[in-house]
Each structure stands twice: as C-alpha cells, then as structure tokens.
>>> print(open('final-v5.cif').read())   # mmCIF, C-alpha atoms
data_query
#
loop_
_atom_site.label_atom_id
_atom_site.label_comp_id
_atom_site.auth_asym_id
_atom_site.auth_seq_id
_atom_site.Cartn_x
_atom_site.Cartn_y
_atom_site.Cartn_z
CA MET G 1 0.00 0.00 0.00
CA ILE G 2 2.65 2.49 1.02
CA SER G 3 5.07 2.46 -1.84
CA VAL G 4 5.45 6.22 -1.51
CA GLY G 5 8.46 6.91 0.70
CA ARG G 6 10.44 3.87 -0.45
CA GLY G 7 13.25 3.59 -2.98
CA ARG G 8 12.87 6.45 -5.42
CA GLY G 9 10.88 8.41 -2.82
CA GLU G 10 13.62 8.15 -0.22
CA LEU G 11 16.26 9.42 -2.63
CA GLU G 12 14.05 12.31 -3.71
CA GLN G 13 13.50 13.17 -0.05
CA ASP G 14 17.25 13.07 0.64
CA VAL G 15 17.94 15.34 -2.33
CA MET G 16 15.28 17.83 -1.25
CA THR G 17 16.48 17.77 2.36
CA ALA G 18 19.99 18.57 1.12
CA LEU G 19 18.68 21.44 -1.02
CA TRP G 20 16.51 22.86 1.76
CA ALA G 21 19.58 22.94 4.04
CA GLN G 22 21.46 25.21 1.62
CA PRO G 23 20.88 28.97 1.59
CA GLU G 24 22.22 29.30 -1.98
CA PRO G 25 21.78 27.27 -5.19
CA VAL G 26 24.22 24.34 -5.22
CA THR G 27 25.65 21.95 -7.81
CA ALA G 28 24.67 18.30 -8.12
CA ARG G 29 28.09 17.37 -6.76
CA ALA G 30 27.47 19.44 -3.62
CA VAL G 31 24.13 17.66 -3.17
CA LEU G 32 25.89 14.30 -3.50
CA ARG G 33 28.41 15.39 -0.84
CA ALA G 34 25.65 16.61 1.48
CA ILE G 35 23.79 13.29 1.27
CA GLY G 36 27.08 11.57 2.10
CA ASP G 37 26.16 8.08 0.90
CA PRO G 38 29.27 6.42 -0.63
CA GLU G 39 27.10 3.99 -2.61
CA LEU G 40 25.28 6.81 -4.38
CA ALA G 41 26.43 7.68 -7.92
CA TYR G 42 26.77 11.26 -9.17
CA THR G 43 24.67 10.49 -12.25
CA THR G 44 21.84 9.20 -10.05
CA VAL G 45 21.71 12.46 -8.11
CA LYS G 46 21.92 14.42 -11.38
CA THR G 47 18.99 12.41 -12.82
CA VAL G 48 16.86 12.98 -9.74
CA LEU G 49 17.63 16.72 -9.80
CA GLU G 50 16.70 16.95 -13.48
CA ARG G 51 13.46 15.08 -12.90
CA LEU G 52 12.53 17.30 -9.93
CA THR G 53 13.33 20.34 -12.08
CA ARG G 54 10.98 19.08 -14.81
CA LYS G 55 8.29 18.56 -12.16
CA GLN G 56 8.82 22.19 -11.06
CA VAL G 57 9.70 21.50 -7.44
CA VAL G 58 13.35 22.42 -8.05
CA THR G 59 14.67 25.38 -10.03
CA ARG G 60 18.11 25.64 -11.61
CA VAL G 61 20.39 28.47 -12.68
CA SER G 62 23.57 28.33 -14.71
CA ILE G 63 26.52 29.86 -12.87
CA ASP G 64 30.01 29.59 -14.40
CA ARG G 65 28.67 27.09 -16.94
CA ALA G 66 27.50 24.69 -14.20
CA TRP G 67 23.89 24.06 -13.22
CA ARG G 68 23.08 25.02 -9.66
CA TYR G 69 19.87 23.82 -8.05
CA SER G 70 17.59 25.21 -5.36
CA PRO G 71 14.14 24.21 -4.08
CA ALA G 72 11.22 26.02 -5.75
CA ALA G 73 9.50 26.35 -2.36
CA SER G 74 10.13 25.55 1.28
CA ARG G 75 9.15 22.29 2.96
CA ASP G 76 6.39 24.10 4.86
CA ASP G 77 5.02 25.49 1.60
CA TYR G 78 4.68 22.01 0.17
CA VAL G 79 3.06 20.68 3.34
CA ALA G 80 0.62 23.60 3.18
CA GLU G 81 -0.11 22.91 -0.49
CA LEU G 82 -0.88 19.26 0.30
CA MET G 83 -3.12 20.26 3.19
CA LEU G 84 -4.97 22.72 0.99
CA ARG G 85 -5.50 20.04 -1.65
CA ALA G 86 -6.64 17.68 1.10
CA LEU G 87 -9.03 20.03 2.86
CA ASP G 88 -10.41 22.31 0.21
CA GLY G 89 -13.23 20.54 -1.54
CA THR G 90 -13.87 23.13 -4.20
CA GLY G 91 -12.93 23.80 -7.78
CA ASP G 92 -10.90 21.76 -10.14
CA ARG G 93 -9.17 19.57 -7.61
CA ASP G 94 -12.40 18.24 -6.27
CA GLY G 95 -12.47 14.48 -6.48
CA ALA G 96 -8.70 14.05 -6.58
CA LEU G 97 -8.86 12.34 -3.20
CA VAL G 98 -11.33 10.83 -0.75
CA ARG G 99 -11.28 12.52 2.65
CA PHE G 100 -12.56 11.29 6.00
CA ALA G 101 -14.50 14.39 6.95
CA ARG G 102 -14.07 18.06 6.40
CA ALA G 103 -12.24 19.38 9.45
CA VAL G 104 -11.47 22.88 8.30
CA SER G 105 -13.67 25.89 7.91
CA PRO G 106 -13.77 27.78 4.60
CA ALA G 107 -12.00 30.64 6.40
CA ASP G 108 -9.09 28.38 7.28
CA ALA G 109 -8.96 27.08 3.75
CA GLU G 110 -8.86 30.71 2.60
CA VAL G 111 -5.84 31.39 4.83
CA LEU G 112 -4.06 28.32 3.46
CA ARG G 113 -4.89 29.35 -0.08
CA ALA G 114 -3.68 32.91 0.44
CA ALA G 115 -0.41 31.59 1.85
CA LEU G 116 0.06 29.60 -1.33
CA ASP G 117 -1.08 32.06 -3.92
CA PRO G 118 2.10 32.42 -5.97
CA ASP G 119 2.38 28.64 -6.17
CA ASP G 120 -1.23 28.11 -6.94
CA ALA G 121 -1.48 30.52 -9.85
CA ARG G 122 0.21 27.91 -12.00
CA MET H 1 -39.64 2.76 -33.89
CA ILE H 2 -40.00 -0.08 -31.40
CA TYR H 3 -36.33 0.46 -30.47
CA ALA H 4 -36.94 4.13 -29.74
CA VAL H 5 -39.87 3.21 -27.50
CA HIS H 6 -37.73 0.72 -25.61
CA HIS H 7 -34.98 3.27 -25.06
CA ALA H 8 -37.55 5.78 -23.87
CA VAL H 9 -38.89 3.20 -21.40
CA ALA H 10 -35.35 2.48 -20.20
CA LEU H 11 -34.82 6.21 -19.62
CA VAL H 12 -38.04 6.41 -17.61
CA LEU H 13 -36.88 3.38 -15.56
CA ALA H 14 -33.53 5.10 -14.91
CA ALA H 15 -35.34 8.29 -13.88
CA ALA H 16 -37.49 6.27 -11.48
CA ALA H 17 -34.37 4.63 -10.02
CA ALA H 18 -32.73 8.03 -9.57
CA TRP H 19 -35.90 9.34 -7.93
CA THR H 20 -36.01 6.55 -5.32
CA LEU H 21 -32.27 7.04 -4.72
CA VAL H 22 -32.65 10.76 -4.10
CA ARG H 23 -35.96 10.69 -2.26
CA GLY H 24 -35.98 7.31 -0.55
CA ARG H 25 -34.83 6.53 2.96
CA TRP H 26 -33.48 3.07 2.18
CA PRO H 27 -30.19 4.14 0.46
CA HIS H 28 -28.62 5.08 3.81
CA ARG H 29 -29.55 1.68 5.22
CA ALA H 30 -27.94 -0.15 2.29
CA PRO H 31 -25.29 2.21 0.88
CA ARG H 32 -23.48 -0.44 -1.16
CA LEU H 33 -26.66 -1.46 -2.94
CA ALA H 34 -27.60 2.17 -3.50
CA LEU H 35 -24.16 2.81 -4.97
CA LEU H 36 -24.62 -0.13 -7.32
CA LEU H 37 -27.98 1.21 -8.41
CA TRP H 38 -26.47 4.67 -9.00
CA GLN H 39 -23.80 3.18 -11.26
CA ALA H 40 -26.46 1.28 -13.18
CA THR H 41 -28.55 4.43 -13.49
CA ALA H 42 -25.61 6.45 -14.81
CA VAL H 43 -24.81 3.82 -17.43
CA SER H 44 -28.45 3.56 -18.38
CA VAL H 45 -29.02 7.30 -18.76
CA VAL H 46 -26.08 7.70 -21.14
CA THR H 47 -26.69 4.57 -23.23
CA GLY H 48 -30.44 5.18 -23.17
CA ALA H 49 -30.25 8.81 -24.33
CA VAL H 50 -27.73 7.99 -27.06
CA GLY H 51 -29.77 4.93 -28.03
CA LEU H 52 -33.01 6.91 -28.20
CA LEU H 53 -31.51 9.45 -30.61
CA LEU H 54 -29.80 6.82 -32.74
CA SER H 55 -32.84 4.55 -32.94
CA LEU H 56 -35.06 7.49 -33.94
CA GLY H 57 -32.59 8.45 -36.65
CA LEU H 58 -31.99 4.92 -37.88
CA ALA H 59 -35.65 3.84 -37.81
CA PRO H 60 -35.95 3.56 -41.64
CA TYR H 61 -33.47 0.67 -41.70
CA GLY H 62 -35.78 -1.37 -39.44
CA ARG H 63 -32.95 -3.07 -37.56
CA GLY H 64 -31.08 -2.83 -34.24
CA ILE H 65 -28.68 0.10 -33.73
CA GLY H 66 -25.54 -1.93 -34.37
CA PRO H 67 -26.67 -3.49 -37.67
CA ALA H 68 -28.32 -0.23 -38.75
CA LEU H 69 -25.08 1.72 -38.21
CA GLY H 70 -23.34 -0.95 -40.29
CA ALA H 71 -25.94 -0.50 -43.02
CA LEU H 72 -25.47 3.29 -42.83
CA VAL H 73 -21.75 2.86 -43.50
CA VAL H 74 -22.12 0.19 -46.21
CA GLU H 75 -25.31 1.22 -48.03
CA GLY H 76 -25.15 4.97 -47.57
CA THR H 77 -27.73 7.41 -46.24
CA ALA H 78 -30.32 6.92 -48.99
CA PRO H 79 -33.31 5.89 -46.81
CA LEU H 80 -32.76 8.73 -44.30
CA THR H 81 -34.35 12.18 -44.35
CA GLY H 82 -32.70 15.30 -42.98
CA ALA H 83 -34.44 14.90 -39.62
CA HIS H 84 -33.21 11.30 -39.35
CA LEU H 85 -29.65 12.40 -40.08
CA ALA H 86 -29.91 15.16 -37.49
CA ALA H 87 -30.99 12.63 -34.83
CA VAL H 88 -28.14 10.26 -35.72
CA THR H 89 -25.64 13.13 -35.59
CA ALA H 90 -27.00 14.30 -32.24
CA GLY H 91 -26.73 10.76 -30.86
CA LEU H 92 -23.15 10.36 -32.01
CA LEU H 93 -22.25 13.82 -30.67
CA LEU H 94 -23.81 12.99 -27.30
CA ALA H 95 -21.85 9.73 -27.11
CA GLY H 96 -18.65 11.60 -28.00
CA ALA H 97 -19.36 14.33 -25.46
CA ALA H 98 -19.96 11.78 -22.68
CA ALA H 99 -16.75 9.90 -23.48
CA GLY H 100 -14.79 13.14 -23.92
CA THR H 101 -16.05 14.61 -20.65
CA GLN H 102 -15.08 11.51 -18.71
CA ALA H 103 -11.67 11.36 -20.39
CA HIS H 104 -10.97 15.05 -19.73
CA SER H 105 -12.08 14.81 -16.12
CA SER H 106 -9.98 11.68 -15.54
CA TRP H 107 -6.98 13.39 -17.09
CA ARG H 108 -7.32 16.43 -14.80
CA LEU H 109 -7.72 14.24 -11.74
CA TRP H 110 -4.68 12.20 -12.80
CA GLN H 111 -2.63 15.42 -13.05
CA HIS H 112 -3.72 16.59 -9.60
CA ARG H 113 -3.03 13.19 -8.12
CA SER H 114 0.43 12.88 -9.60
CA ARG H 115 1.41 16.33 -8.30
CA HIS H 116 -0.01 15.31 -4.92
CA ARG H 117 1.91 12.03 -5.00
CA LEU H 118 5.15 13.82 -5.86
CA LEU H 119 4.81 16.28 -2.98
CA LEU H 120 3.91 13.43 -0.61
CA ARG H 121 7.13 11.67 -1.62
CA LEU H 122 9.06 14.84 -0.77
CA VAL H 123 7.54 15.83 2.57
CA GLY H 124 5.54 12.84 3.88
CA ARG H 125 6.95 10.37 6.37
CA PRO H 126 5.69 6.85 7.08
CA ASP H 127 3.99 6.38 10.45
CA PRO H 128 5.75 3.94 12.82
CA HIS H 129 3.23 1.18 12.13
CA GLY H 130 3.38 1.56 8.35
CA ARG H 131 -0.35 2.21 8.09
CA ALA H 132 -0.23 5.67 6.56
CA LEU H 133 1.91 8.61 5.51
CA VAL H 134 2.14 11.44 8.01
CA LEU H 135 2.10 15.15 7.14
CA ASP H 136 3.46 17.55 9.74
CA HIS H 137 0.63 20.06 9.97
CA PRO H 138 -1.52 21.15 12.93
CA ALA H 139 -4.83 21.02 11.03
CA ALA H 140 -6.63 17.68 11.13
CA ALA H 141 -6.81 15.75 7.87
CA ALA H 142 -7.17 12.11 6.94
CA TYR H 143 -7.65 11.00 3.36
CA TYR H 144 -6.99 8.41 0.73
CA LEU H 145 -5.11 9.41 -2.40
CA PRO H 146 -6.17 7.05 -5.20
CA GLY H 147 -3.88 5.90 -7.97
CA PRO H 148 -1.21 3.38 -8.89
CA ALA H 149 0.71 4.10 -5.68
CA GLY H 150 -2.40 4.98 -3.69
CA CYS H 151 -1.90 5.72 -0.03
CA VAL H 152 -3.64 6.82 3.14
CA VAL H 153 -2.44 10.12 4.61
CA VAL H 154 -2.98 11.63 8.06
CA SER H 155 -1.79 14.94 9.46
CA THR H 156 -0.14 15.30 12.86
CA GLY H 157 -3.15 17.45 13.76
CA ALA H 158 -5.37 14.38 13.29
CA LEU H 159 -2.92 12.13 15.18
CA ASP H 160 -3.00 14.53 18.13
CA ALA H 161 -6.77 14.87 18.15
CA LEU H 162 -7.69 11.18 18.01
CA THR H 163 -7.22 8.38 20.53
CA ASP H 164 -5.39 5.27 19.30
CA ARG H 165 -8.64 3.37 18.81
CA GLU H 166 -10.26 6.26 16.98
CA LEU H 167 -7.20 6.61 14.75
CA ALA H 168 -7.38 2.91 13.90
CA ALA H 169 -11.04 3.36 12.95
CA VAL H 170 -10.27 6.40 10.77
CA LEU H 171 -7.45 4.55 9.01
CA ALA H 172 -9.72 1.54 8.47
CA HIS H 173 -12.27 3.92 6.93
CA GLU H 174 -9.67 5.25 4.50
CA HIS H 175 -8.34 1.78 3.66
CA ALA H 176 -11.95 0.79 2.92
CA HIS H 177 -12.02 3.55 0.27
CA ALA H 178 -8.87 2.06 -1.24
CA ARG H 179 -10.15 -1.51 -1.15
CA GLY H 180 -13.57 -0.55 -2.54
CA ARG H 181 -12.06 1.55 -5.36
CA HIS H 182 -14.51 4.24 -4.36
CA HIS H 183 -12.81 6.87 -6.50
CA LEU H 184 -13.94 4.92 -9.57
CA ALA H 185 -17.53 4.89 -8.34
CA LEU H 186 -17.34 8.68 -7.91
CA ALA H 187 -15.58 9.44 -11.21
CA PRO H 188 -18.62 9.69 -13.53
CA PHE H 189 -20.50 11.91 -11.08
CA HIS H 190 -17.52 14.25 -10.62
CA ALA H 191 -17.15 14.46 -14.39
CA LEU H 192 -20.83 15.30 -14.77
CA ARG H 193 -20.65 17.96 -12.06
CA ARG H 194 -17.67 19.50 -13.82
CA VAL H 195 -19.51 20.02 -17.11
CA LEU H 196 -22.97 20.64 -15.65
CA PRO H 197 -22.52 22.68 -12.47
CA VAL H 198 -26.23 22.97 -11.70
CA ARG H 199 -27.95 22.32 -8.41
CA PRO H 200 -29.63 18.94 -9.15
CA VAL H 201 -26.35 17.49 -10.46
CA ALA H 202 -24.46 18.82 -7.45
CA ARG H 203 -27.08 17.25 -5.18
CA VAL H 204 -26.78 13.88 -6.88
CA ALA H 205 -22.96 14.00 -6.73
CA ALA H 206 -23.05 14.94 -3.04
CA GLY H 207 -25.50 12.10 -2.43
CA VAL H 208 -23.20 9.58 -4.10
CA GLU H 209 -20.23 10.94 -2.12
CA LEU H 210 -22.20 10.46 1.07
CA LEU H 211 -23.04 6.85 0.11
CA VAL H 212 -19.34 6.17 -0.50
CA GLU H 213 -18.51 7.54 2.96
CA MET H 214 -21.22 5.38 4.51
CA CYS H 215 -19.83 2.27 2.80
CA ALA H 216 -16.41 3.04 4.27
CA ASP H 217 -18.01 3.82 7.65
CA ASP H 218 -19.73 0.43 7.68
CA ARG H 219 -16.52 -1.42 6.99
CA ALA H 220 -14.54 0.54 9.61
CA ALA H 221 -17.33 0.16 12.18
CA ARG H 222 -17.43 -3.60 11.67
CA HIS H 223 -13.83 -3.90 12.85
CA HIS H 224 -13.55 -1.04 15.31
CA GLY H 225 -17.07 -0.51 16.59
CA THR H 226 -19.71 2.04 15.68
CA ALA H 227 -19.17 4.06 18.87
CA THR H 228 -15.43 4.51 18.20
CA LEU H 229 -15.96 5.58 14.62
CA ALA H 230 -18.83 7.91 15.54
CA ALA H 231 -16.65 9.49 18.22
CA ALA H 232 -13.83 9.99 15.71
CA LEU H 233 -16.20 11.58 13.20
CA HIS H 234 -17.64 13.83 15.85
CA ARG H 235 -14.21 14.92 17.05
CA PHE H 236 -12.98 15.49 13.53
CA HIS H 237 -16.00 17.55 12.74
CA GLU H 238 -15.67 19.72 15.85
CA LEU H 239 -12.08 20.62 14.99
CA GLY H 240 -13.20 22.52 11.93
CA GLY H 241 -16.79 23.07 12.88
CA ARG H 242 -17.07 26.78 13.15
CA PRO H 243 -20.61 27.79 12.27
CA THR H 244 -20.62 29.56 8.92
CA PRO H 245 -23.51 30.30 6.61
CA THR H 246 -21.89 29.10 3.35
CA GLY H 247 -23.59 26.36 1.42
CA THR H 248 -20.68 23.96 1.05
CA LEU H 249 -19.93 23.73 4.73
CA ALA H 250 -23.59 23.50 5.61
CA ALA H 251 -23.84 20.54 3.26
CA ALA H 252 -20.74 18.96 4.81
CA ASP H 253 -22.15 19.57 8.30
CA HIS H 254 -25.34 17.89 7.28
CA ALA H 255 -23.46 14.93 5.78
CA VAL H 256 -21.34 14.40 8.90
CA ALA H 257 -24.40 14.75 11.12
CA LEU H 258 -26.19 12.12 9.03
CA ARG H 259 -23.23 9.75 9.26
CA VAL H 260 -22.90 10.15 13.03
CA ALA H 261 -26.65 9.73 13.57
CA ARG H 262 -26.63 6.67 11.34
CA LEU H 263 -23.75 5.07 13.26
CA ARG H 264 -25.31 5.83 16.63
CA GLY H 265 -28.85 4.91 15.63
CA ALA H 266 -27.94 1.73 13.73
CA ALA H 267 -31.13 1.30 11.68
CA PRO H 268 -31.96 -2.35 10.99
CA PRO H 269 -30.53 -3.65 7.71
CA ILE H 270 -32.84 -4.11 4.77
CA ARG H 271 -34.60 -7.46 4.33
CA ARG H 272 -33.00 -9.98 2.06
CA TRP H 273 -35.71 -10.13 -0.59
CA ILE H 274 -35.69 -6.35 -0.94
CA ARG H 275 -31.91 -6.48 -1.44
CA TRP H 276 -32.38 -9.00 -4.22
CA ALA H 277 -35.13 -6.92 -5.80
CA ILE H 278 -32.88 -3.84 -5.81
CA THR H 279 -29.93 -5.80 -7.23
CA LEU H 280 -32.09 -7.18 -10.03
CA ALA H 281 -33.53 -3.73 -10.69
CA ALA H 282 -30.00 -2.34 -10.96
CA LEU H 283 -29.00 -5.05 -13.41
CA ALA H 284 -32.14 -4.48 -15.49
CA VAL H 285 -31.65 -0.71 -15.48
CA ALA H 286 -28.01 -1.06 -16.58
CA THR H 287 -28.36 -3.73 -19.23
CA THR H 288 -31.65 -2.92 -20.94
CA PRO H 289 -30.50 -0.02 -23.12
CA ALA H 290 -27.13 -1.63 -23.84
CA SER H 291 -28.77 -4.87 -24.98
CA LEU H 292 -30.93 -2.95 -27.42
CA TYR H 293 -27.82 -1.98 -29.34
CA VAL H 294 -27.10 -5.55 -30.36
CA LEU H 295 -30.24 -7.66 -29.91
CA PRO H 296 -32.71 -7.85 -32.76
CA ILE H 297 -36.33 -7.64 -31.65
#
>>> encode(input="final-v5.cif", output="structure tokens")
Amino acid sequence: MISVGRGRGELEQDVMTALWAQPEPVTARAVLRAIGDPELAYTTVKTVLERLTRKQVVTRVSIDRAWRYSPAASRDDYVAELMLRALDGTGDRDGALVRFARAVSPADAEVLRAALDPDDAR
Amino acid sequence: MIYAVHHAVALVLAAAAAWTLVRGRWPHRAPRLALLLWQATAVSVVTGAVGLLLSLGLAPYGRGIGPALGALVVEGTAPLTGAHLAAVTAGLLLAGAAAGTQAHSSWRLWQHRSRHRLLLRLVGRPDPHGRALVLDHPAAAAYYLPGPAGCVVVSTGALDALTDRELAAVLAHEHAHARGRHHLALAPFHALRRVLPVRPVARVAAGVELLVEMCADDRAARHHGTATLAAALHRFHELGGRPTPTGTLAAADHAVALRVARLRGAAPPIRRWIRWAITLAALAVATTPASLYVLPI
C-alpha cells in the first residue's frame, strides 16, 4: 500500500532535504556530498535533480557554466499545499482524493490558499 | 420505432431509479446497494439517451442500432431524411461528449493526483506502524489518495486529536475507500458535475459521495465498533466546525451529522428479498438499453 516513501521516494526526499539545508543554489556534486552516501552515484543524483526540475519543485540556474539547483519552495510550503488540496473541496481539484470528513472551515482554507497564492497561480 | 420506445422506457426506468435514490430513505440503510444502483442508473441514462436518438434516426433501416449503423456505413444514407440524419448526428455527438467529458475529467484528476503524490514523496513520512503517511501540519486531515501508488495520509493534527482506537477506525475507513475503489464509483459523477454545475447534479454527486462515505463507515465500524468511529467523526468535525452560513460547509455539516446519527442509531438492515429486488432492478436498469444496441427484436 505504502510504496510512496520507499526507494525512489527516499532518494528524492534526501535530495530535497539537502537542497533545503542550503541557503544558496548548489551543484549536483554538492548535493551528493551533502547526502554523504558512498554507494550513491553522481549520475543518479543528477537524474533525480533533473526530474525534480521538470516537475517544477526544483529550479536551476547556470553559474560559471554549471547548473546550480535550489528548491522552488520551502518544505512548509509544500506541506501547506498538500493540506490545501486535502481540505479544500472546491474547484478543479475536487475528487482528486477521498477525505474522512471536512475538518477545516472555509475561512481556514482561505488562509491556506492565500499563503500559497504564488504557487497556486500555475 | 420499437427500439426508440424501448430506449424511452429504459430512460423512464432510470429516472425512477434516480428518484427513489434521491428521495428514498433506504439508500442510507444499504449504501453499497444504493451505490450499485447509482452506477447502473448512470450507465443507463447515457446509453439510453444515445440509443433513443440513434434509434429514432436509424428507424428507416428497421434493424437494431448496431446493424443499422453498419448499413449506414455500407449502403449509404439513402433511406434517411434530414431529420433522421440530425438525430443520428445528435446521438453520435452525445456519445462523443460523454466519453470526452469523462476522459478530460480523468486526465485532470490524474494530473492533480500525480502532483499530490510527488509532494507526498518529498515531505511525507511513514507512520511507525506503516499504516499511513504522516504530514506535519496542525490542522486535522485524513484522506486516501487514489492511484497506482495509492496511499492513506494523516496529518499530525489528526494524530494529536484522536485516541489510538479512533485513529485505527479512521485509518480503516480510508483503507476501505482504497479496497472498494470508491474513487472509480465517484468518477462519472464528478465528471458530470464538472460540465454541468447545476444544483440537481451537485445534489446527486453529493449524495453519491455520502453513500461512498457510509460504505467506508460500515466497513470501519465492523472492525472497530460504531461508537469509536462515531466518536472519531464527531471529534474530527468539531475541529473545523465553526458555524458559517456558506452552502458547502452547511452541506458537509449535514453529511457528517447524518453519518454520526446513522452510526449511533444503527437502523436495521434491509430485508433480504428487498436487497435481491434492488440488485435485479440495478441489473435491469443497466443492461436494458445496452442490450438494445445488439439484440434484434
């Protein structure tokens, strides 16, 4: 049931954790060093970073002809986005998931939505 | 013409089924049966409406819809008048619109779910017992995310608010959604609501959603007790239950109140012969218009 958070998920989490710990954009090699797993290949980290960039959760800039990566939003932002998707039963997302019961008032949902606005405009 | 009459009768049957589902009291006593009948009704309305238009348009061929469409392709449109052609075109357009609407809606939901799944991979953590993914957020949430890597998610707010037994009941409720593939049962009604955002459609969709919740409630209550689940629902509801006049929350309030009352009141289950009658009615409602496409009369 819970395949999320295993294998690929764990590596993605490690990469994001490394990126969130850095104040500035960093190279794939710096991410590899930060994770500190000797079994992990550079190309694997590079592939994960490219995939996360395509999925728009990581942004990259070219500095001195090397790609440097940074998270597109903070961890808290992503948690808030998930909570909004989970709690707000209106609009286009409706039906994406099956919730137990609505435990948030529209006003709370509004606060969550406002906090996310730049992200949500996409 | 006899085909058109049969399709019209099937549509009336479907309307009657929908009417008992919306108006009747029995659906809440047998939510799984009611859900089955809703699916049958949805299938019947679409195939019946398309079939009615096609059989009106293809009447001059004097055959079933399938063979008549074949004749239309092979022999050309010679026997048909302009009105006949218009009916055939409308039927084909309606069929295309129904399929297209469902496909578009499924595609949008798939997009939302894959974004959700990605973010869960990045910020979710497995709970110690491996029953769910945990989100670190003070608001209470518990839900099932459908899909190829479907999973049950709870927030730390929900973990804090519920006792261990209540949490087990809530998780069982969500796993019941997963096991019952409830998102598939809801899909056609969400698609319909998306293209036709009018009050009756919204009411029907909300009704089907409520039935799905009741199915999951029944399963969770069987293993963890009705009192535990009702307490969890009540607690969950109170966390967000600030009285507001907006329609959506009022509807949700009403739905939760109905579920709690149903768990606490425990109405007697429906008699066996009535269950069989409803099952047979559902089968008849679903298959009658479809059979008219192929069977010669």
>>> residues_around(input="final-v5.cif", residues="stretch 52-57 of chain G", least_positions_apart="4", cutoff="9 Å", atoms="all atoms listed in the file", output="list in words")
Glu12, Thr47, Val48, Tyr69, Ser70, Pro71, Ala72 and Ala73 of chain G; Arg115, Leu118 and Leu119 of chain H
>>> closest_residue(input="final-v5.cif", among="G:Val61, G:Arg51, G:Trp67, G:Pro25", to="chain H", atoms="all atoms listed in the file")
G:Arg51
>>> interface_residues(input="final-v5.cif", of="chain H", to="chain G", cutoff="6 Å", atoms="all atoms listed in the file", output="tab-separated table (two decimals) with C-alpha atoms, in the frame of the given file")
chain	number	residue	atom	x	y	z
H	109	LEU	CA	-7.72	14.24	-11.74
H	113	ARG	CA	-3.03	13.19	-8.12
H	121	ARG	CA	7.13	11.67	-1.62
H	122	LEU	CA	9.06	14.84	-0.77
H	142	ALA	CA	-7.17	12.11	6.94
H	143	TYR	CA	-7.65	11.00	3.36
H	144	TYR	CA	-6.99	8.41	0.73
H	145	LEU	CA	-5.11	9.41	-2.40
H	151	CYS	CA	-1.90	5.72	-0.03
H	236	PHE	CA	-12.98	15.49	13.53
H	237	HIS	CA	-16.00	17.55	12.74
H	239	LEU	CA	-12.08	20.62	14.99
H	240	GLY	CA	-13.20	22.52	11.93
>>> residues_around(input="final-v5.cif", residues="H:Val294", least_positions_apart="2", cutoff="6 Å", atoms="all atoms listed in the file", output="JSON, numbers by chain")
{"H": [66, 291, 292]}
>>> resolve_selection(input="final-v5.cif", expression="the PyMOL selection byres ((chain H and resi 289) around 12)", output="mmCIF file with C-alpha atoms, keeping the file's coordinate frame")
data_model
loop_
_atom_site.group_PDB
_atom_site.id
_atom_site.type_symbol
_atom_site.label_atom_id
_atom_site.label_comp_id
_atom_site.auth_asym_id
_atom_site.auth_seq_id
_atom_site.Cartn_x
_atom_site.Cartn_y
_atom_site.Cartn_z
ATOM 1 C CA TYR H 3 -36.330 0.460 -30.470
ATOM 2 C CA ALA H 4 -36.940 4.130 -29.740
ATOM 3 C CA VAL H 5 -39.870 3.210 -27.500
ATOM 4 C CA HIS H 6 -37.730 0.720 -25.610
ATOM 5 C CA HIS H 7 -34.980 3.270 -25.060
ATOM 6 C CA ALA H 8 -37.550 5.780 -23.870
ATOM 7 C CA VAL H 9 -38.890 3.200 -21.400
ATOM 8 C CA ALA H 10 -35.350 2.480 -20.200
ATOM 9 C CA LEU H 11 -34.820 6.210 -19.620
ATOM 10 C CA VAL H 12 -38.040 6.410 -17.610
ATOM 11 C CA LEU H 13 -36.880 3.380 -15.560
ATOM 12 C CA ALA H 14 -33.530 5.100 -14.910
ATOM 13 C CA ALA H 40 -26.460 1.280 -13.180
ATOM 14 C CA THR H 41 -28.550 4.430 -13.490
ATOM 15 C CA ALA H 42 -25.610 6.450 -14.810
ATOM 16 C CA VAL H 43 -24.810 3.820 -17.430
ATOM 17 C CA SER H 44 -28.450 3.560 -18.380
ATOM 18 C CA VAL H 45 -29.020 7.300 -18.760
ATOM 19 C CA VAL H 46 -26.080 7.700 -21.140
ATOM 20 C CA THR H 47 -26.690 4.570 -23.230
ATOM 21 C CA GLY H 48 -30.440 5.180 -23.170
ATOM 22 C CA ALA H 49 -30.250 8.810 -24.330
ATOM 23 C CA VAL H 50 -27.730 7.990 -27.060
ATOM 24 C CA GLY H 51 -29.770 4.930 -28.030
ATOM 25 C CA LEU H 52 -33.010 6.910 -28.200
ATOM 26 C CA LEU H 54 -29.800 6.820 -32.740
ATOM 27 C CA SER H 55 -32.840 4.550 -32.940
ATOM 28 C CA GLY H 64 -31.080 -2.830 -34.240
ATOM 29 C CA ILE H 65 -28.680 0.100 -33.730
ATOM 30 C CA LEU H 283 -29.000 -5.050 -13.410
ATOM 31 C CA ALA H 284 -32.140 -4.480 -15.490
ATOM 32 C CA VAL H 285 -31.650 -0.710 -15.480
ATOM 33 C CA ALA H 286 -28.010 -1.060 -16.580
ATOM 34 C CA THR H 287 -28.360 -3.730 -19.230
ATOM 35 C CA THR H 288 -31.650 -2.920 -20.940
ATOM 36 C CA ALA H 290 -27.130 -1.630 -23.840
ATOM 37 C CA SER H 291 -28.770 -4.870 -24.980
ATOM 38 C CA LEU H 292 -30.930 -2.950 -27.420
ATOM 39 C CA TYR H 293 -27.820 -1.980 -29.340
ATOM 40 C CA VAL H 294 -27.100 -5.550 -30.360
ATOM 41 C CA LEU H 295 -30.240 -7.660 -29.910
#
>>> atom_distance(input="final-v5.cif", atom1="atom CA of H:Gly57", atom2="atom CA of H:Leu80")
7.7 Å
>>> atom_distance(input="final-v5.cif", atom1="atom CA of H:Ala205", atom2="atom CA of H:Trp38")
10.2 Å
>>> atom_distance(input="final-v5.cif", atom1="atom CA of H:Pro269", atom2="atom CA of H:Val201")
28.2 Å
>>> closest_residue(input="final-v5.cif", among="H:Leu85, H:Leu37, H:Ala99, H:Leu167", to="H:Trp276", atoms="all atoms listed in the file")
H:Leu37
>>> resolve_selection(input="final-v5.cif", expression="the PyMOL selection byres ((chain H and resi 220) around 9)", output="PyMOL selection string")
chain H and resi 168-176+215-219+221-226+229
>>> residues_around(input="final-v5.cif", residues="G:Ala28", least_positions_apart="2", cutoff="9 Å", atoms="all atoms listed in the file", output="number ranges by chain")
G: 26, 30-33, 42-43, 45-46, 49, 67-69
>>> residues_near_point(input="final-v5.cif", point="(-17.6, 5.8, -16.2)", cutoff="9 Å", atoms="all atoms listed in the file", output="number ranges by chain")
H: 39, 42-43, 99, 102, 184-189, 191
